[in-house]
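A.B. asks: Enclosed is the structure file entry28.cif (mmCIF, N, CA and C atoms).
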data_model
loop_
_atom_site.label_atom_id
_atom_site.label_comp_id
_atom_site.auth_asym_id
_atom_site.auth_seq_id
_atom_site.Cartn_x
_atom_site.Cartn_y
_atom_site.Cartn_z
N MET A 1 -26.05 -8.53 -22.72
CA MET A 1 -24.68 -8.61 -23.15
C MET A 1 -23.85 -9.29 -22.06
N ILE A 2 -22.95 -10.15 -22.42
CA ILE A 2 -22.10 -10.84 -21.47
C ILE A 2 -20.94 -9.92 -21.10
N HIS A 3 -20.71 -9.76 -19.78
CA HIS A 3 -19.66 -8.87 -19.30
C HIS A 3 -18.48 -9.69 -18.81
N LYS A 4 -17.30 -9.30 -19.22
CA LYS A 4 -16.09 -9.87 -18.64
C LYS A 4 -15.75 -9.06 -17.41
N GLU A 5 -15.07 -9.68 -16.45
CA GLU A 5 -14.71 -8.97 -15.23
C GLU A 5 -13.78 -7.80 -15.58
N GLY A 6 -14.10 -6.62 -15.01
CA GLY A 6 -13.28 -5.44 -15.25
C GLY A 6 -13.68 -4.65 -16.48
N GLN A 7 -14.77 -5.05 -17.16
CA GLN A 7 -15.21 -4.31 -18.34
C GLN A 7 -16.63 -3.81 -18.13
N ASP A 8 -16.91 -2.65 -18.70
CA ASP A 8 -18.27 -2.15 -18.63
C ASP A 8 -19.08 -2.71 -19.80
N SER A 9 -20.32 -2.25 -19.94
CA SER A 9 -21.19 -2.82 -20.98
C SER A 9 -20.75 -2.44 -22.39
N TYR A 10 -19.84 -1.48 -22.52
CA TYR A 10 -19.36 -1.08 -23.83
C TYR A 10 -18.01 -1.71 -24.18
N GLY A 11 -17.51 -2.57 -23.33
CA GLY A 11 -16.26 -3.26 -23.62
C GLY A 11 -15.03 -2.54 -23.10
N GLY A 12 -15.19 -1.34 -22.53
CA GLY A 12 -14.05 -0.60 -21.99
C GLY A 12 -13.81 -0.99 -20.53
N LEU A 13 -12.75 -0.46 -19.96
CA LEU A 13 -12.44 -0.75 -18.57
C LEU A 13 -13.37 0.06 -17.67
N ASP A 14 -13.85 -0.58 -16.59
CA ASP A 14 -14.65 0.18 -15.64
C ASP A 14 -13.73 1.01 -14.75
N ASN A 15 -14.32 1.84 -13.89
CA ASN A 15 -13.54 2.78 -13.08
C ASN A 15 -12.59 2.06 -12.13
N HIS A 16 -13.03 0.95 -11.52
CA HIS A 16 -12.18 0.21 -10.59
C HIS A 16 -10.94 -0.33 -11.29
N SER A 17 -11.10 -0.86 -12.49
CA SER A 17 -9.95 -1.40 -13.22
C SER A 17 -8.99 -0.28 -13.62
N GLN A 18 -9.51 0.89 -13.95
CA GLN A 18 -8.64 2.01 -14.30
C GLN A 18 -7.84 2.48 -13.10
N VAL A 19 -8.49 2.53 -11.93
CA VAL A 19 -7.79 2.93 -10.71
C VAL A 19 -6.73 1.90 -10.36
N THR A 20 -7.06 0.61 -10.46
CA THR A 20 -6.10 -0.44 -10.15
C THR A 20 -4.91 -0.38 -11.09
N LEU A 21 -5.15 -0.14 -12.37
CA LEU A 21 -4.08 -0.03 -13.35
C LEU A 21 -3.17 1.15 -13.02
N SER A 22 -3.77 2.27 -12.61
CA SER A 22 -3.00 3.46 -12.23
C SER A 22 -2.16 3.18 -11.00
N MET A 23 -2.72 2.47 -10.02
CA MET A 23 -1.99 2.15 -8.80
C MET A 23 -0.86 1.18 -9.11
N ASP A 24 -1.07 0.26 -10.02
CA ASP A 24 -0.02 -0.67 -10.40
C ASP A 24 1.16 0.07 -11.01
N LYS A 25 0.90 1.04 -11.87
CA LYS A 25 1.97 1.82 -12.48
C LYS A 25 2.73 2.62 -11.42
N THR A 26 1.99 3.18 -10.47
CA THR A 26 2.61 3.95 -9.40
C THR A 26 3.49 3.04 -8.54
N GLY A 27 3.00 1.85 -8.22
CA GLY A 27 3.78 0.92 -7.42
C GLY A 27 5.06 0.49 -8.11
N VAL A 28 4.99 0.22 -9.40
CA VAL A 28 6.17 -0.17 -10.16
C VAL A 28 7.17 0.99 -10.21
N ALA A 29 6.67 2.20 -10.39
CA ALA A 29 7.56 3.37 -10.41
C ALA A 29 8.25 3.55 -9.07
N MET A 30 7.51 3.34 -7.97
CA MET A 30 8.11 3.47 -6.64
C MET A 30 9.18 2.40 -6.41
N ILE A 31 8.95 1.20 -6.89
CA ILE A 31 9.94 0.13 -6.76
C ILE A 31 11.21 0.48 -7.52
N VAL A 32 11.06 0.97 -8.74
CA VAL A 32 12.22 1.32 -9.56
C VAL A 32 13.01 2.46 -8.90
N ILE A 33 12.31 3.50 -8.46
CA ILE A 33 12.99 4.63 -7.81
C ILE A 33 13.68 4.16 -6.53
N GLY A 34 13.02 3.30 -5.75
CA GLY A 34 13.62 2.77 -4.54
C GLY A 34 14.89 2.00 -4.82
N LEU A 35 14.88 1.17 -5.84
CA LEU A 35 16.08 0.39 -6.19
C LEU A 35 17.22 1.30 -6.64
N VAL A 36 16.89 2.35 -7.38
CA VAL A 36 17.93 3.30 -7.81
C VAL A 36 18.53 4.01 -6.60
N LEU A 37 17.69 4.45 -5.67
CA LEU A 37 18.19 5.12 -4.47
C LEU A 37 19.04 4.19 -3.61
N ILE A 38 18.65 2.93 -3.51
CA ILE A 38 19.45 1.95 -2.75
C ILE A 38 20.81 1.77 -3.41
N ALA A 39 20.84 1.66 -4.74
CA ALA A 39 22.10 1.48 -5.46
C ALA A 39 23.01 2.69 -5.27
N VAL A 40 22.46 3.90 -5.36
CA VAL A 40 23.26 5.10 -5.16
C VAL A 40 23.77 5.17 -3.73
N GLY A 41 22.94 4.80 -2.76
CA GLY A 41 23.35 4.81 -1.36
C GLY A 41 24.46 3.83 -1.08
N ILE A 42 24.35 2.63 -1.62
CA ILE A 42 25.40 1.62 -1.43
C ILE A 42 26.70 2.08 -2.09
N TYR A 43 26.61 2.67 -3.27
CA TYR A 43 27.80 3.20 -3.93
C TYR A 43 28.45 4.30 -3.09
N GLY A 44 27.64 5.19 -2.53
CA GLY A 44 28.17 6.26 -1.69
C GLY A 44 28.82 5.72 -0.43
N ILE A 45 28.23 4.69 0.17
CA ILE A 45 28.80 4.10 1.38
C ILE A 45 30.15 3.46 1.07
N THR A 46 30.23 2.74 -0.04
CA THR A 46 31.50 2.09 -0.38
C THR A 46 32.56 3.13 -0.77
N LEU A 47 32.13 4.26 -1.34
CA LEU A 47 33.07 5.30 -1.74
C LEU A 47 33.59 6.08 -0.53
N LEU A 48 32.74 6.27 0.47
CA LEU A 48 33.09 7.08 1.63
C LEU A 48 33.10 6.26 2.91
N THR A 49 33.67 5.08 2.89
CA THR A 49 33.62 4.17 4.03
C THR A 49 34.15 4.77 5.33
N PRO A 50 35.32 5.43 5.35
CA PRO A 50 35.81 5.97 6.63
C PRO A 50 34.86 7.00 7.24
N GLU A 51 34.29 7.86 6.41
CA GLU A 51 33.37 8.87 6.92
C GLU A 51 32.09 8.22 7.43
N VAL A 52 31.61 7.19 6.76
CA VAL A 52 30.39 6.50 7.19
C VAL A 52 30.63 5.82 8.53
N VAL A 53 31.77 5.17 8.69
CA VAL A 53 32.09 4.50 9.94
C VAL A 53 32.18 5.53 11.07
N THR A 54 32.84 6.65 10.81
CA THR A 54 32.95 7.71 11.82
C THR A 54 31.57 8.24 12.20
N PHE A 55 30.71 8.43 11.22
CA PHE A 55 29.35 8.91 11.47
C PHE A 55 28.57 7.91 12.33
N LEU A 56 28.67 6.62 11.99
CA LEU A 56 27.94 5.60 12.75
C LEU A 56 28.45 5.51 14.19
N ILE A 57 29.76 5.60 14.37
CA ILE A 57 30.32 5.58 15.72
C ILE A 57 29.82 6.79 16.50
N GLY A 58 29.76 7.94 15.86
CA GLY A 58 29.23 9.14 16.50
C GLY A 58 27.78 8.97 16.91
N LEU A 59 26.97 8.35 16.06
CA LEU A 59 25.57 8.10 16.41
C LEU A 59 25.45 7.18 17.61
N ILE A 60 26.28 6.13 17.64
CA ILE A 60 26.25 5.20 18.77
C ILE A 60 26.64 5.91 20.06
N GLU A 61 27.68 6.73 19.99
CA GLU A 61 28.11 7.48 21.17
C GLU A 61 27.02 8.45 21.63
N LEU A 62 26.35 9.10 20.69
CA LEU A 62 25.25 10.01 21.04
C LEU A 62 24.12 9.24 21.73
N ALA A 63 23.79 8.07 21.23
CA ALA A 63 22.74 7.25 21.84
C ALA A 63 23.14 6.86 23.26
N ILE A 64 24.40 6.52 23.46
CA ILE A 64 24.87 6.14 24.80
C ILE A 64 24.75 7.33 25.76
N VAL A 65 25.11 8.51 25.29
CA VAL A 65 25.00 9.71 26.13
C VAL A 65 23.54 9.97 26.49
N LEU A 66 22.63 9.84 25.53
CA LEU A 66 21.21 10.07 25.81
C LEU A 66 20.66 9.06 26.79
N VAL A 67 21.06 7.80 26.67
CA VAL A 67 20.61 6.78 27.62
C VAL A 67 21.16 7.11 29.01
N GLY A 68 22.42 7.54 29.07
CA GLY A 68 23.02 7.92 30.35
C GLY A 68 22.28 9.09 30.99
N LEU A 69 21.94 10.10 30.20
CA LEU A 69 21.18 11.23 30.73
C LEU A 69 19.80 10.80 31.22
N GLY A 70 19.17 9.91 30.48
CA GLY A 70 17.86 9.41 30.90
C GLY A 70 17.95 8.66 32.22
N LEU A 71 18.97 7.82 32.38
CA LEU A 71 19.16 7.10 33.64
C LEU A 71 19.45 8.06 34.79
N LEU A 72 20.23 9.11 34.51
CA LEU A 72 20.54 10.11 35.52
C LEU A 72 19.28 10.81 36.00
N VAL A 73 18.41 11.23 35.06
CA VAL A 73 17.17 11.90 35.42
C VAL A 73 16.27 10.98 36.23
N VAL A 74 16.12 9.74 35.79
CA VAL A 74 15.28 8.78 36.52
C VAL A 74 15.86 8.54 37.91
N GLY A 75 17.17 8.43 38.01
CA GLY A 75 17.80 8.22 39.31
C GLY A 75 17.57 9.39 40.24
N VAL A 76 17.69 10.62 39.73
CA VAL A 76 17.44 11.80 40.56
C VAL A 76 15.99 11.84 41.03
N ILE A 77 15.08 11.53 40.14
CA ILE A 77 13.65 11.53 40.52
C ILE A 77 13.39 10.47 41.58
N MET A 78 13.97 9.28 41.43
CA MET A 78 13.75 8.20 42.39
C MET A 78 14.42 8.54 43.74
N ALA A 79 15.55 9.22 43.71
CA ALA A 79 16.25 9.55 44.95
C ALA A 79 15.49 10.60 45.74
N LYS A 80 14.75 11.48 45.07
CA LYS A 80 13.98 12.52 45.77
C LYS A 80 12.81 11.91 46.53
N GLU A 81 12.27 10.81 46.06
CA GLU A 81 11.09 10.20 46.68
C GLU A 81 11.45 9.38 47.84
#
Spell out the structure here as structure tokens.
C.D. replies:
Amino acid sequence: MIHKEGQDSYGGLDNHSQVTLSMDKTGVAMIVIGLVLIAVGIYGITLLTPEVVTFLIGLIELAIVLVGLGLLVVGVIMAKE
């Protein structure tokens, strides 16, 4: 019997094709959910712009403080040697 790629001897899909088809559906579902979450996030950012800006400024300030503390610790360690 002549076999087409992805079919078993009975004309049905082989196991690899079934797994690939399942993974394709999962990938498409993940893309759709991701796009929905991005749209909701962008809507929330535009709706709450002042709070988002304040939050981002706070994160930047926190990062600066952590870098400063790291430099202080390294400086103390280097000064002891």
A.B. asks: How many Å lie between atom CA of Leu37 of chain A and atom CA of Thr49 of chain A, rounded to one decimal?
C.D. replies: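 The value is 17.6 Å.
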A.B. asks: Quote the spacing between atom CA of Pro50 of chain A and atom CA of Ile33 of chain A in Å to one decimal place.
C.D. replies: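 About the pair atom CA of Pro50 of chain A and atom CA of Ile33 of chain A: they are 27.0 Å apart.
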A.B. asks: Could you check how far atom C of Val40 of chain A sits from atom CA of Val52 of chain A, in Å to one decimal?
C.D. replies: 12.8 Å
A.B. asks: Box for segment 27-32 of chain A: with edges along x, y and z, all listed atoms inside and 4 Å added on each side, what are the centre and edge lengths in Å to one decimal, as lines of an AutoDock Vina configuration file?
C.D. replies:
center_x = 8.0
center_y = 1.7
center_z = -8.4
size_x = 18.0
size_y = 11.7
size_z = 12.0
